[in-house]
Every structure is written in structure tokens, then in C-alpha cells.
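This is input25.cif (mmCIF, C-alpha atoms).
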data_coords
#
loop_
_atom_site.group_PDB
_atom_site.id
_atom_site.type_symbol
_atom_site.label_atom_id
_atom_site.label_comp_id
_atom_site.auth_asym_id
_atom_site.auth_seq_id
_atom_site.Cartn_x
_atom_site.Cartn_y
_atom_site.Cartn_z
ATOM 1 C CA MET L 1 10.172 115.918 39.426
ATOM 2 C CA GLU L 2 13.124 115.638 37.101
ATOM 3 C CA ASP L 3 10.821 115.415 34.136
ATOM 4 C CA ASN L 4 9.090 118.595 35.199
ATOM 5 C CA ASN L 5 12.370 120.392 35.490
ATOM 6 C CA GLN L 6 13.431 119.288 32.081
ATOM 7 C CA SER L 7 10.137 120.401 30.590
ATOM 8 C CA GLY L 8 10.663 123.831 32.113
ATOM 9 C CA ASP L 9 14.168 124.040 30.678
ATOM 10 C CA THR L 10 13.017 122.978 27.237
ATOM 11 C CA LEU L 11 10.204 125.479 27.248
ATOM 12 C CA GLN L 12 12.638 128.156 28.336
ATOM 13 C CA GLU L 13 14.988 127.160 25.534
ATOM 14 C CA ILE L 14 12.264 127.499 22.919
ATOM 15 C CA LYS L 15 11.255 130.851 24.367
ATOM 16 C CA ASP L 16 14.866 132.037 24.200
ATOM 17 C CA ILE L 17 15.183 130.952 20.582
ATOM 18 C CA ARG L 18 11.994 132.754 19.694
ATOM 19 C CA ARG L 19 13.046 135.909 21.510
ATOM 20 C CA ILE L 20 16.422 135.988 19.775
ATOM 21 C CA MET L 21 14.849 135.383 16.365
ATOM 22 C CA GLU L 22 12.410 138.214 16.909
ATOM 23 C CA ARG L 23 14.906 140.604 18.421
ATOM 24 C CA SER L 24 17.495 140.058 15.712
ATOM 25 C CA SER L 25 15.146 140.509 12.786
ATOM 26 C CA ARG L 26 12.914 143.390 13.849
ATOM 27 C CA PHE L 27 13.315 146.650 15.674
ATOM 28 C CA ILE L 28 10.786 146.202 18.473
ATOM 29 C CA SER L 29 11.352 149.333 20.539
ATOM 30 C CA LEU L 30 9.198 151.596 18.380
ATOM 31 C CA SER L 31 6.923 153.356 20.858
ATOM 32 C CA GLY L 32 3.255 154.234 20.372
ATOM 33 C CA LEU L 33 3.972 157.563 22.073
ATOM 34 C CA SER L 34 6.285 158.369 19.147
ATOM 35 C CA GLY L 35 3.301 158.139 16.817
ATOM 36 C CA ILE L 36 1.198 160.346 19.075
ATOM 37 C CA SER L 37 3.892 163.005 19.402
ATOM 38 C CA ALA L 38 4.591 163.052 15.649
ATOM 39 C CA GLY L 39 0.847 163.368 15.018
ATOM 40 C CA ALA L 40 0.565 166.255 17.475
ATOM 41 C CA CYS L 41 3.450 168.082 15.751
ATOM 42 C CA ALA L 42 1.767 167.568 12.367
ATOM 43 C CA LEU L 43 -1.584 168.915 13.603
ATOM 44 C CA ILE L 44 -0.006 172.018 15.132
ATOM 45 C CA GLY L 45 1.949 172.502 11.899
ATOM 46 C CA ALA L 46 -1.207 172.171 9.823
ATOM 47 C CA PHE L 47 -3.010 174.794 11.924
ATOM 48 C CA ILE L 48 -0.141 177.247 11.522
ATOM 49 C CA GLY L 49 -0.029 176.461 7.807
ATOM 50 C CA ARG L 50 -3.738 177.171 7.480
ATOM 51 C CA TYR L 51 -3.281 180.472 9.285
ATOM 52 C CA ILE L 52 -0.430 181.494 6.961
ATOM 53 C CA LEU L 53 -2.489 180.577 3.891
ATOM 54 C CA LYS L 54 -5.541 182.426 5.192
ATOM 55 C CA ASN L 55 -3.448 185.547 5.715
ATOM 56 C CA TYR L 56 -2.004 185.231 2.246
ATOM 57 C CA TYR L 57 -5.336 184.846 0.496
ATOM 58 C CA GLY L 58 -6.715 187.679 2.658
ATOM 59 C CA THR L 59 -4.173 190.195 1.322
ATOM 60 C CA TYR L 60 -4.466 188.762 -2.174
ATOM 61 C CA ASN L 61 -8.179 189.516 -2.231
ATOM 62 C CA SER L 62 -7.939 192.991 -0.722
ATOM 63 C CA HIS L 63 -5.195 194.072 -3.147
ATOM 64 C CA GLY L 64 -7.136 192.531 -5.959
ATOM 65 C CA PHE L 65 -4.037 191.624 -7.888
ATOM 66 C CA PHE L 66 -1.405 188.932 -7.792
ATOM 67 C CA SER L 67 1.909 189.811 -6.206
ATOM 68 C CA GLY L 68 4.941 187.712 -7.068
ATOM 69 C CA ASP L 69 6.777 188.943 -3.988
ATOM 70 C CA ASP L 70 3.995 187.827 -1.685
ATOM 71 C CA PHE L 71 3.910 184.455 -3.370
ATOM 72 C CA SER L 72 7.628 183.794 -3.000
ATOM 73 C CA ARG L 73 7.426 184.917 0.635
ATOM 74 C CA LEU L 74 4.578 182.462 1.140
ATOM 75 C CA LYS L 75 6.630 179.657 -0.382
ATOM 76 C CA ILE L 76 9.568 180.388 1.927
ATOM 77 C CA LYS L 77 7.273 180.526 4.968
ATOM 78 C CA LEU L 78 5.586 177.223 4.150
ATOM 79 C CA THR L 79 8.864 175.448 3.363
ATOM 80 C CA GLY L 80 10.335 176.710 6.628
ATOM 81 C CA LEU L 81 7.264 175.547 8.501
ATOM 82 C CA ALA L 82 7.481 172.117 6.884
ATOM 83 C CA LEU L 83 11.134 171.757 7.926
ATOM 84 C CA VAL L 84 10.414 172.803 11.525
ATOM 85 C CA VAL L 85 7.434 170.415 11.753
ATOM 86 C CA PHE L 86 9.500 167.564 10.351
ATOM 87 C CA ALA L 87 12.360 168.231 12.779
ATOM 88 C CA ALA L 88 9.992 168.482 15.767
ATOM 89 C CA ALA L 89 8.172 165.277 14.809
ATOM 90 C CA PHE L 90 11.436 163.428 14.226
ATOM 91 C CA ILE L 91 13.055 164.543 17.483
ATOM 92 C CA SER L 92 9.986 163.918 19.654
ATOM 93 C CA SER L 93 9.293 160.484 18.191
ATOM 94 C CA PHE L 94 12.957 159.564 18.512
ATOM 95 C CA TYR L 95 12.831 160.565 22.168
ATOM 96 C CA PHE L 96 9.948 158.213 23.067
ATOM 97 C CA THR L 97 11.440 155.297 21.155
ATOM 98 C CA TRP L 98 14.788 155.909 22.813
ATOM 99 C CA GLN L 99 13.069 155.854 26.222
ATOM 100 C CA LYS L 100 11.311 152.599 25.397
ATOM 101 C CA ALA L 101 14.543 150.960 24.216
ATOM 102 C CA LYS L 102 16.231 152.103 27.426
ATOM 103 C CA LYS L 103 13.468 150.522 29.469
ATOM 104 C CA GLN L 104 13.782 147.259 27.526
ATOM 105 C CA GLY L 105 17.555 147.353 27.956
ATOM 106 C CA LEU L 106 18.071 147.262 24.184
ATOM 107 C CA PRO L 107 20.360 149.441 22.084
ATOM 108 C CA VAL L 108 18.638 152.107 19.943
ATOM 109 C CA TRP L 109 21.221 152.098 17.185
ATOM 110 C CA ASP L 110 21.871 148.474 16.345
ATOM 111 C CA TYR L 111 21.587 146.158 13.375
ATOM 112 C CA THR L 112 17.774 146.162 13.370
ATOM 113 C CA SER L 113 17.282 149.907 13.760
ATOM 114 C CA LYS L 114 19.895 150.666 11.097
ATOM 115 C CA ARG L 115 18.088 148.380 8.684
ATOM 116 C CA LEU L 116 14.731 149.934 9.562
ATOM 117 C CA PHE L 117 16.174 153.421 9.082
ATOM 118 C CA TRP L 118 17.624 152.723 5.611
ATOM 119 C CA ASN L 119 14.564 150.927 4.332
ATOM 120 C CA MET L 120 12.344 153.746 5.478
ATOM 121 C CA LEU L 121 14.680 156.375 4.063
ATOM 122 C CA ILE L 122 14.739 155.086 0.477
ATOM 123 C CA PRO L 123 11.055 155.821 -0.397
ATOM 124 C CA LEU L 124 11.203 159.029 1.654
ATOM 125 C CA LEU L 125 14.210 160.389 -0.234
ATOM 126 C CA ALA L 126 12.608 159.455 -3.551
ATOM 127 C CA GLY L 127 9.462 161.281 -2.427
ATOM 128 C CA ALA L 128 11.406 164.334 -1.253
ATOM 129 C CA GLY L 129 13.190 164.545 -4.614
ATOM 130 C CA PHE L 130 9.915 164.183 -6.474
ATOM 131 C CA ILE L 131 8.186 166.903 -4.444
ATOM 132 C CA LEU L 132 11.103 169.336 -4.722
ATOM 133 C CA ALA L 133 11.147 168.789 -8.480
ATOM 134 C CA MET L 134 7.409 169.525 -8.642
ATOM 135 C CA LEU L 135 7.874 172.734 -6.680
ATOM 136 C CA GLN L 136 10.639 173.685 -9.101
ATOM 137 C CA TYR L 137 7.925 173.826 -11.781
ATOM 138 C CA ASP L 138 5.505 175.641 -9.436
ATOM 139 C CA GLU L 139 3.385 172.525 -9.276
ATOM 140 C CA TRP L 140 2.130 172.696 -5.706
ATOM 141 C CA ARG L 141 -1.230 170.928 -6.103
ATOM 142 C CA PHE L 142 0.152 167.422 -5.782
ATOM 143 C CA VAL L 143 2.483 168.099 -2.852
ATOM 144 C CA ALA L 144 0.122 166.808 -0.144
ATOM 145 C CA PRO L 145 -0.920 163.647 -2.019
ATOM 146 C CA ALA L 146 2.713 162.918 -2.900
ATOM 147 C CA CYS L 147 3.741 163.335 0.765
ATOM 148 C CA LEU L 148 1.035 160.889 1.834
ATOM 149 C CA ILE L 149 1.686 158.306 -0.884
ATOM 150 C CA PHE L 150 5.472 158.223 -0.526
ATOM 151 C CA TYR L 151 5.226 158.178 3.266
ATOM 152 C CA GLY L 152 2.733 155.317 3.054
ATOM 153 C CA LEU L 153 5.088 153.385 0.794
ATOM 154 C CA ALA L 154 7.930 154.027 3.238
ATOM 155 C CA LEU L 155 5.839 152.596 6.071
ATOM 156 C CA VAL L 156 4.822 149.514 4.093
ATOM 157 C CA ASN L 157 8.473 148.913 3.264
ATOM 158 C CA ALA L 158 9.581 149.545 6.848
ATOM 159 C CA SER L 159 6.990 147.169 8.288
ATOM 160 C CA LYS L 160 9.214 144.240 7.334
ATOM 161 C CA TYR L 161 11.797 145.481 9.797
ATOM 162 C CA THR L 162 9.738 146.547 12.808
ATOM 163 C CA LEU L 163 6.304 146.011 14.355
ATOM 164 C CA THR L 164 4.170 144.679 11.489
ATOM 165 C CA ASP L 165 1.252 146.911 12.513
ATOM 166 C CA ILE L 166 2.724 149.931 10.758
ATOM 167 C CA ARG L 167 1.925 148.234 7.449
ATOM 168 C CA TYR L 168 -1.760 149.112 7.996
ATOM 169 C CA LEU L 169 -0.888 152.702 8.793
ATOM 170 C CA GLY L 170 1.019 152.673 5.489
ATOM 171 C CA TYR L 171 -2.007 151.367 3.567
ATOM 172 C CA CYS L 172 -4.183 154.111 5.088
ATOM 173 C CA GLU L 173 -1.691 156.853 4.152
ATOM 174 C CA ILE L 174 -1.483 155.600 0.548
ATOM 175 C CA ALA L 175 -5.284 155.390 0.251
ATOM 176 C CA LEU L 176 -5.661 158.876 1.725
ATOM 177 C CA GLY L 177 -3.083 160.240 -0.729
ATOM 178 C CA LEU L 178 -4.897 158.696 -3.689
ATOM 179 C CA ILE L 179 -8.289 160.007 -2.547
ATOM 180 C CA ASN L 180 -6.706 163.427 -2.143
ATOM 181 C CA MET L 181 -5.920 163.362 -5.876
ATOM 182 C CA LEU L 182 -9.679 163.546 -6.461
ATOM 183 C CA PHE L 183 -10.006 166.571 -4.186
ATOM 184 C CA ILE L 184 -7.130 168.783 -5.237
ATOM 185 C CA GLY L 185 -7.174 171.990 -3.223
ATOM 186 C CA TYR L 186 -7.997 170.297 0.041
ATOM 187 C CA GLY L 187 -4.429 169.029 0.410
ATOM 188 C CA LEU L 188 -3.849 170.611 3.787
ATOM 189 C CA TYR L 189 -6.866 168.830 5.295
ATOM 190 C CA PHE L 190 -5.795 165.474 3.891
ATOM 191 C CA TRP L 191 -2.252 166.138 5.025
ATOM 192 C CA ALA L 192 -3.469 166.956 8.568
ATOM 193 C CA THR L 193 -5.611 163.809 8.617
ATOM 194 C CA GLY L 194 -2.816 161.547 7.360
ATOM 195 C CA PHE L 195 0.089 162.901 9.356
ATOM 196 C CA GLY L 196 -1.839 164.189 12.364
ATOM 197 C CA VAL L 197 -4.991 162.222 13.078
ATOM 198 C CA LEU L 198 -3.824 158.831 11.737
ATOM 199 C CA HIS L 199 -0.522 159.039 13.637
ATOM 200 C CA ILE L 200 -2.268 159.832 16.903
ATOM 201 C CA PHE L 201 -4.859 157.129 16.322
ATOM 202 C CA TYR L 202 -2.253 154.534 15.396
ATOM 203 C CA GLY L 203 0.114 155.570 18.202
ATOM 204 C CA ALA L 204 -2.684 155.213 20.747
ATOM 205 C CA ILE L 205 -3.554 151.724 19.478
ATOM 206 C CA MET L 206 0.099 150.660 19.622
ATOM 207 C CA TRP L 207 0.491 152.064 23.084
ATOM 208 C CA PHE L 208 -2.543 150.187 24.379
ATOM 209 C CA LYS L 209 -1.477 147.006 22.607
ATOM 210 C CA TYR L 210 2.197 146.825 23.601
ATOM 211 C CA GLU L 211 3.050 149.291 26.321
ATOM 212 C CA LYS L 212 0.143 149.838 28.685
ATOM 213 C CA LYS L 213 0.664 147.963 31.925
ATOM 214 C CA MET V 1 8.180 104.335 19.782
ATOM 215 C CA LYS V 2 10.523 106.926 18.416
ATOM 216 C CA ASN V 3 12.713 108.573 20.957
ATOM 217 C CA PRO V 4 11.764 112.263 21.003
ATOM 218 C CA ILE V 5 15.276 113.271 21.974
ATOM 219 C CA ASN V 6 16.709 111.829 18.745
ATOM 220 C CA GLY V 7 16.680 115.127 16.884
ATOM 221 C CA LEU V 8 18.398 117.016 19.677
ATOM 222 C CA ASN V 9 21.780 118.217 18.588
ATOM 223 C CA LYS V 10 24.746 118.174 20.985
ATOM 224 C CA ILE V 11 26.240 121.132 19.168
ATOM 225 C CA PHE V 12 23.306 123.308 20.183
ATOM 226 C CA GLU V 13 23.730 122.592 23.861
ATOM 227 C CA SER V 14 25.733 125.773 24.046
ATOM 228 C CA ARG V 15 23.505 128.813 24.504
ATOM 229 C CA ILE V 16 25.762 130.924 22.324
ATOM 230 C CA ARG V 17 25.814 128.465 19.416
ATOM 231 C CA LEU V 18 22.057 128.136 19.667
ATOM 232 C CA GLY V 19 21.796 131.933 19.722
ATOM 233 C CA VAL V 20 23.963 132.278 16.608
ATOM 234 C CA MET V 21 21.785 129.761 14.770
ATOM 235 C CA SER V 22 18.565 131.489 15.884
ATOM 236 C CA ILE V 23 19.830 134.788 14.511
ATOM 237 C CA LEU V 24 21.066 133.329 11.226
ATOM 238 C CA VAL V 25 17.765 131.558 10.602
ATOM 239 C CA VAL V 26 15.979 134.907 10.308
ATOM 240 C CA ASN V 27 18.826 137.002 8.879
ATOM 241 C CA GLU V 28 20.384 136.001 5.575
ATOM 242 C CA GLU V 29 23.786 137.413 6.341
ATOM 243 C CA ILE V 30 25.115 139.075 9.437
ATOM 244 C CA SER V 31 28.455 140.498 10.535
ATOM 245 C CA PHE V 32 30.614 139.453 13.455
ATOM 246 C CA ASN V 33 30.054 142.745 15.254
ATOM 247 C CA ASP V 34 26.269 142.588 14.922
ATOM 248 C CA LEU V 35 26.293 139.044 16.297
ATOM 249 C CA LYS V 36 28.470 140.163 19.163
ATOM 250 C CA GLN V 37 26.129 143.031 20.022
ATOM 251 C CA MET V 38 22.992 140.907 19.880
ATOM 252 C CA LEU V 39 24.355 138.022 21.940
ATOM 253 C CA GLU V 40 26.303 140.223 24.364
ATOM 254 C CA VAL V 41 29.436 138.077 24.353
ATOM 255 C CA THR V 42 33.159 138.761 24.092
ATOM 256 C CA ASP V 43 35.126 138.552 20.819
ATOM 257 C CA GLY V 44 37.097 135.479 21.798
ATOM 258 C CA ASN V 45 34.131 133.587 23.123
ATOM 259 C CA LEU V 46 32.035 134.237 20.027
ATOM 260 C CA ALA V 47 34.918 133.428 17.675
ATOM 261 C CA THR V 48 35.439 130.006 19.276
ATOM 262 C CA HIS V 49 31.792 129.106 18.878
ATOM 263 C CA LEU V 50 31.694 130.351 15.300
ATOM 264 C CA VAL V 51 34.702 128.201 14.390
ATOM 265 C CA ASN V 52 32.941 125.230 15.929
ATOM 266 C CA LEU V 53 29.789 125.845 13.904
ATOM 267 C CA GLU V 54 31.828 126.353 10.747
ATOM 268 C CA GLU V 55 33.759 123.110 11.264
ATOM 269 C CA ASN V 56 30.467 121.284 11.602
ATOM 270 C CA GLY V 57 29.370 122.730 8.287
ATOM 271 C CA PHE V 58 26.435 124.631 9.762
ATOM 272 C CA ILE V 59 27.537 128.118 8.794
ATOM 273 C CA LYS V 60 29.442 129.763 5.952
ATOM 274 C CA VAL V 61 32.000 132.491 6.487
ATOM 275 C CA HIS V 62 32.500 135.315 4.006
ATOM 276 C CA LYS V 63 35.501 137.531 4.382
ATOM 277 C CA GLY V 64 34.988 140.920 2.858
ATOM 278 C CA PHE V 65 36.280 144.442 3.193
ATOM 279 C CA ILE V 66 34.690 147.763 3.977
ATOM 280 C CA GLY V 67 37.411 150.131 2.847
ATOM 281 C CA ARG V 68 40.487 148.674 4.482
ATOM 282 C CA LYS V 69 38.734 147.135 7.455
ATOM 283 C CA THR V 70 37.886 143.464 7.262
ATOM 284 C CA ASN V 71 34.202 142.708 7.444
ATOM 285 C CA THR V 72 33.454 139.082 8.177
ATOM 286 C CA THR V 73 29.889 137.964 7.681
ATOM 287 C CA TYR V 74 28.173 134.681 8.397
ATOM 288 C CA SER V 75 25.264 132.828 6.865
ATOM 289 C CA LEU V 76 23.514 129.518 7.342
ATOM 290 C CA THR V 77 24.237 126.439 5.207
ATOM 291 C CA LYS V 78 21.536 123.997 4.122
ATOM 292 C CA PRO V 79 22.708 121.287 6.584
ATOM 293 C CA GLY V 80 22.841 123.940 9.310
ATOM 294 C CA GLU V 81 19.276 124.990 8.626
ATOM 295 C CA LYS V 82 18.121 121.357 8.706
ATOM 296 C CA ALA V 83 19.976 120.613 11.952
ATOM 297 C CA PHE V 84 18.441 123.675 13.578
ATOM 298 C CA THR V 85 14.896 122.834 12.460
ATOM 299 C CA ASP V 86 15.322 119.235 13.646
ATOM 300 C CA HIS V 87 16.537 120.522 16.984
ATOM 301 C CA ILE V 88 13.463 122.738 17.409
ATOM 302 C CA VAL V 89 11.122 119.922 16.402
ATOM 303 C CA ALA V 90 12.818 117.641 18.945
ATOM 304 C CA LEU V 91 12.409 120.290 21.653
ATOM 305 C CA GLU V 92 8.738 120.658 20.816
ATOM 306 C CA ASN V 93 8.232 116.883 20.849
ATOM 307 C CA MET V 94 9.860 116.694 24.263
ATOM 308 C CA ILE V 95 7.390 119.186 25.662
ATOM 309 C CA LYS V 96 4.446 117.414 24.076
ATOM 310 C CA GLY V 97 5.733 114.017 25.252
ATOM 311 C CA ILE V 98 6.097 115.111 28.840
ATOM 312 C CA LYS V 99 2.716 116.794 29.003
#
Represent the structure of the file as C-alpha cells.
Amino acid sequence: MEDNNQSGDTLQEIKDIRRIMERSSRFISLSGLSGISAGACALIGAFIGRYILKNYYGTYNSHGFFSGDDFSRLKIKLTGLALVVFAAAFISSFYFTWQKAKKQGLPVWDYTSKRLFWNMLIPLLAGAGFILAMLQYDEWRFVAPACLIFYGLALVNASKYTLTDIRYLGYCEIALGLINMLFIGYGLYFWATGFGVLHIFYGAIMWFKYEKK
Amino acid sequence: MKNPINGLNKIFESRIRLGVMSILVVNEEISFNDLKQMLEVTDGNLATHLVNLEENGFIKVHKGFIGRKTNTTYSLTKPGEKAFTDHIVALENMIKGIK
């Protein structure tokens, strides 16, 4: 009887150690629903973007000449759209992760999440700078591939600090970005696949794997 | 036969000291405040245990500054790492031995 008790205690002790090691080194509250919501935002954004582009090319063809005014208006519209989509995706995915952390009784902003945030931010900021610089030179063709590649790199880097599964999402985004380089002009479709479809797909897998009861 | 409890370390009988070691094993360097948040303990309580671990040579203390505020961080020493691993192995042996 005593032996049994002791075995239970020891097992519990090892479990505690393991839990603390995991909890202190990785941010584990990342929710699959965050991926799904970010993907949904991206898809809606891509549809609106396609509509704006269609309208633009429609007028371009009917006028039969190139208008600089129209083009700069298009650039402002698309940049604005990108910012709104990013904000919506960020806020909605933050919400679901915050909910999950609350359920687990863990803090959202602690040592692990701070580390995850910074390590994700570094490739993203580098990518943002790179893309803005390209746009400065009116080089818009590589925007979608650059988004995908830098985002993929950010995920691969971040996977050391959270659920390791996001590493595979990162690989897929990088591969998609590189393939997109071979099909310049279809950027929006690749962008919608990478940020929309892959996020939803990945989020659903994560949700089934870790959260479904 | 070797006694499986041999590797067990008295120092790690405290949950908090064991917790500190578990965290330091996977994190190179960590601050007092982060430790406090993860282990959910009070300042005084944590400080006592940290002094104990330091006196036993299991952890290193680095006193630094962020601006004017002191920022104390902790990391594992080689003997500390060994003691912790031995402790885990002993725990595992105990479970195996009893089964």
C-alpha cells in the first residue's frame, strides 16, 4: 500500500517537472481557432482585393490609356485594404488565443509569449521593410511571394517558442512563395492560398489535435 | 543491488526548488520576476529557495541593470544540471523498480 502511494507521488512529481519544463519554454495557449479566423480574414481580404483590381483593369481597358491618378488611387486602396486585413486577422486571432489562455488559467503576456512575439516579429519586420522598399521602386510583382516567404520564415523561427506544428505551416508558406516566383501575376491567388486556405486548414488540424473535447 | 533512491536529492524535496530547476533546465537564463510568475510564489519565498540553490552551487546569479532598475537573472551550473538529471533518473528508476 505504501509502495503504491509512493509510486503515485513519484509519477506525479515527474509529471509536474515535465509540465513546468514545457510551460516555461513554450507558449502553449496558441489556439487553432486563431488560425481559422486569420485565414477567414485573409480570404475575405483577397476577394475584396480581386474586386478592386477587376474594377481598375475594367476602367483601364475602356479608357484605353494609362492613368497615373487611377494607379496611385489603386495603390492607396490596396495598401489600406492590406492594413485592415492585417489588423482584423491580428485582433481576431489574439482573441481566440486569449480565450484559450484564460481557460487554461495561464497568463497571455508572460515570458513565453513575449519571446514568441519578438522572435516572430524579427523576420516580419525585415519582410515589411523589404516589401515597402520594393513598392518604393514600383516593383509590385514580388510583393505576394515576399509576403509568403518572410511569413514562412517567421513561423519557422517562432516554432521554437510555441507548438512545434507551426514549423510545417512555415515550410508550406515558404514553398508556396517560391513557387509563386515562377507564376508572377498570380500573386493574389497564391497569397489567398497561403494566408487564407493554409491558415484555415492548419487551424482546423490544431483545433482537432489539441482543443476538441 | 543498487539502491534506486541513491540519486534522489534532498535539496529537490521542495516543490519550489524542483520547479526552479525544471525551468532553468530548459531556459538558459531567466529573471526573478519571470520565475515568480511561472511558479506563482511570493518574493520572499522564492528568494529563500534561490539562495539555498545558490549556496549549493546549483545555480548562478547574475546581477544586471535595465536602466536604473536591477535585473537579477539566474542560470544553471554544471553541477546543478548533473544533480537535476540524477534526480530525474532516480525518480524514473523508483517507478520502474516498484512496477
The PyMOL selection byres ((chain L) within 9 of (chain V)) on the file shown: which residues, as a ChimeraX atom specification? /L:3-4,6-8,10-11,13-14,16-18,20-25,107,110-111
Store the residues picked out above, limited to C-alpha atoms, as a short mmCIF file (atom, residue, chain, number, x, y, z; two decimals), in the frame of the given file.
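Contents of again14.cif, as written:
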data_model
loop_
_atom_site.label_atom_id
_atom_site.label_comp_id
_atom_site.auth_asym_id
_atom_site.auth_seq_id
_atom_site.Cartn_x
_atom_site.Cartn_y
_atom_site.Cartn_z
CA ASP L 3 10.82 115.42 34.14
CA ASN L 4 9.09 118.60 35.20
CA GLN L 6 13.43 119.29 32.08
CA SER L 7 10.14 120.40 30.59
CA GLY L 8 10.66 123.83 32.11
CA THR L 10 13.02 122.98 27.24
CA LEU L 11 10.20 125.48 27.25
CA GLU L 13 14.99 127.16 25.53
CA ILE L 14 12.26 127.50 22.92
CA ASP L 16 14.87 132.04 24.20
CA ILE L 17 15.18 130.95 20.58
CA ARG L 18 11.99 132.75 19.69
CA ILE L 20 16.42 135.99 19.77
CA MET L 21 14.85 135.38 16.36
CA GLU L 22 12.41 138.21 16.91
CA ARG L 23 14.91 140.60 18.42
CA SER L 24 17.50 140.06 15.71
CA SER L 25 15.15 140.51 12.79
CA PRO L 107 20.36 149.44 22.08
CA ASP L 110 21.87 148.47 16.34
CA TYR L 111 21.59 146.16 13.38
#
Which is closer to Leu135 (chain L) than all the others in L:Ser31, L:Ser72, L:Gln99, L:Thr193, using all atoms listed in the file? L:Ser72
Give as number ranges by chain the residues that the PyMOL selection byres ((chain L and resi 185) around 12) matches when applied to the coordinates above. L: 140-145, 180-184, 186-191
I need the residue set behind the PyMOL selection byres ((chain V and resi 80) around 9) for this file; please write it as a ChimeraX atom specification. /V:21,53,56-59,76-79,81-85
Find the spatial neighbours of Asp43 (chain V), counting only C-alpha atoms, within a cut-off of 9 Å - ignore same-chain residues fewer than 3 positions away - and output them as a ChimeraX atom specification. /V:32-33,36,46-48
Within 12 Å of (14.8, 151.6, 24.0) (file coordinates; all atoms listed in the file), which protein or nucleic acid residues are there? I'd like them as a ChimeraX atom specification. /L:27-31,34,93-110,113
Writing out the chosen residues with C-alpha atoms as a compact mmCIF listing (two decimals), in the frame of the given file:
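Now in selection-v7.txt:
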# COMPACT_ATOMS: atom_id res chain seq x y z
CA PHE L 27 13.32 146.65 15.67
CA ILE L 28 10.79 146.20 18.47
CA SER L 29 11.35 149.33 20.54
CA LEU L 30 9.20 151.60 18.38
CA SER L 31 6.92 153.36 20.86
CA SER L 34 6.28 158.37 19.15
CA SER L 93 9.29 160.48 18.19
CA PHE L 94 12.96 159.56 18.51
CA TYR L 95 12.83 160.56 22.17
CA PHE L 96 9.95 158.21 23.07
CA THR L 97 11.44 155.30 21.16
CA TRP L 98 14.79 155.91 22.81
CA GLN L 99 13.07 155.85 26.22
CA LYS L 100 11.31 152.60 25.40
CA ALA L 101 14.54 150.96 24.22
CA LYS L 102 16.23 152.10 27.43
CA LYS L 103 13.47 150.52 29.47
CA GLN L 104 13.78 147.26 27.53
CA GLY L 105 17.56 147.35 27.96
CA LEU L 106 18.07 147.26 24.18
CA PRO L 107 20.36 149.44 22.08
CA VAL L 108 18.64 152.11 19.94
CA TRP L 109 21.22 152.10 17.18
CA ASP L 110 21.87 148.47 16.34
CA SER L 113 17.28 149.91 13.76
Spatial neighbours of Thr72 (chain V), max dist 8 Å, all atoms listed in the file, sep filter under 2 positions, as a tab-separated table (two decimals) with C-alpha atoms, in the coordinates of the input:
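Saved to part-v8.tsv:
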chain	number	residue	atom	x	y	z
V	31	SER	CA	28.46	140.50	10.54
V	32	PHE	CA	30.61	139.45	13.46
V	61	VAL	CA	32.00	132.49	6.49
V	62	HIS	CA	32.50	135.32	4.01
V	63	LYS	CA	35.50	137.53	4.38
V	64	GLY	CA	34.99	140.92	2.86
V	65	PHE	CA	36.28	144.44	3.19
V	70	THR	CA	37.89	143.46	7.26
V	74	TYR	CA	28.17	134.68	8.40
Which residue, L:Ala204, L:Gly152, L:Tyr137, L:Asn55, has the smallest gap to Pro123 (chain L) when you use only C-alpha atoms?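 Once distances to Pro123 (chain L) are computed over only C-alpha atoms, the minimum belongs to L:Gly152.
The spacing separating CA of Leu53 (chain L) from CA of Phe71 (chain L) amounts to 10.4 Å.
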Given only C-alpha atoms as the basis, pick out the residue of L:Ala88, L:Asp69, L:Ala38, L:Lys15 nearest to Gly203 (chain L).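 Smallest separation from Gly203 (chain L) among the options: L:Ala38.
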Which residues, written as a ChimeraX atom specification, have at least one atom at most 10 Å from Tyr56 (chain L), with only C-alpha atoms counted and residues fewer than 6 positions away on the same chain left out? /L:50,70-71,73-74
Work out how far CA of Thr162 (chain L) is from CA of Ser37 (chain L), in Å to one decimal. 18.7 Å
In Å, rounded to a single decimal, give me how far CA of Ala82 (chain L) is from CA of His199 (chain L).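 Between these atoms lies a distance of 16.8 Å.
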Region 125-134 of chain L rebuilt with N, CA, C and O atoms, output as an mmCIF file, keeping the file's coordinate frame:
data_model
loop_
_atom_site.group_PDB
_atom_site.id
_atom_site.type_symbol
_atom_site.label_atom_id
_atom_site.label_comp_id
_atom_site.auth_asym_id
_atom_site.auth_seq_id
_atom_site.Cartn_x
_atom_site.Cartn_y
_atom_site.Cartn_z
ATOM 1 N N LEU L 125 13.312 159.547 0.564
ATOM 2 C CA LEU L 125 14.210 160.389 -0.234
ATOM 3 C C LEU L 125 13.684 160.521 -1.657
ATOM 4 O O LEU L 125 13.722 161.601 -2.252
ATOM 5 N N ALA L 126 13.185 159.407 -2.206
ATOM 6 C CA ALA L 126 12.608 159.455 -3.551
ATOM 7 C C ALA L 126 11.443 160.440 -3.562
ATOM 8 O O ALA L 126 11.324 161.274 -4.474
ATOM 9 N N GLY L 127 10.605 160.379 -2.530
ATOM 10 C CA GLY L 127 9.462 161.281 -2.427
ATOM 11 C C GLY L 127 9.899 162.729 -2.299
ATOM 12 O O GLY L 127 9.349 163.620 -2.956
ATOM 13 N N ALA L 128 10.917 162.970 -1.456
ATOM 14 C CA ALA L 128 11.406 164.334 -1.253
ATOM 15 C C ALA L 128 11.923 164.901 -2.572
ATOM 16 O O ALA L 128 11.629 166.044 -2.933
ATOM 17 N N GLY L 129 12.674 164.107 -3.316
ATOM 18 C CA GLY L 129 13.190 164.545 -4.614
ATOM 19 C C GLY L 129 12.058 164.868 -5.576
ATOM 20 O O GLY L 129 12.073 165.901 -6.252
ATOM 21 N N PHE L 130 11.069 164.021 -5.591
ATOM 22 C CA PHE L 130 9.915 164.183 -6.474
ATOM 23 C C PHE L 130 9.167 165.485 -6.160
ATOM 24 O O PHE L 130 8.841 166.268 -7.049
ATOM 25 N N ILE L 131 8.948 165.723 -4.860
ATOM 26 C CA ILE L 131 8.186 166.903 -4.444
ATOM 27 C C ILE L 131 8.973 168.182 -4.733
ATOM 28 O O ILE L 131 8.423 169.167 -5.235
ATOM 29 N N LEU L 132 10.282 168.153 -4.453
ATOM 30 C CA LEU L 132 11.103 169.336 -4.722
ATOM 31 C C LEU L 132 11.104 169.649 -6.213
ATOM 32 O O LEU L 132 11.048 170.807 -6.624
ATOM 33 N N ALA L 133 11.160 168.587 -7.036
ATOM 34 C CA ALA L 133 11.147 168.789 -8.480
ATOM 35 C C ALA L 133 9.811 169.397 -8.921
ATOM 36 O O ALA L 133 9.779 170.282 -9.778
ATOM 37 N N MET L 134 8.714 168.950 -8.302
ATOM 38 C CA MET L 134 7.409 169.525 -8.642
ATOM 39 C C MET L 134 7.361 171.005 -8.295
ATOM 40 O O MET L 134 6.868 171.824 -9.071
#
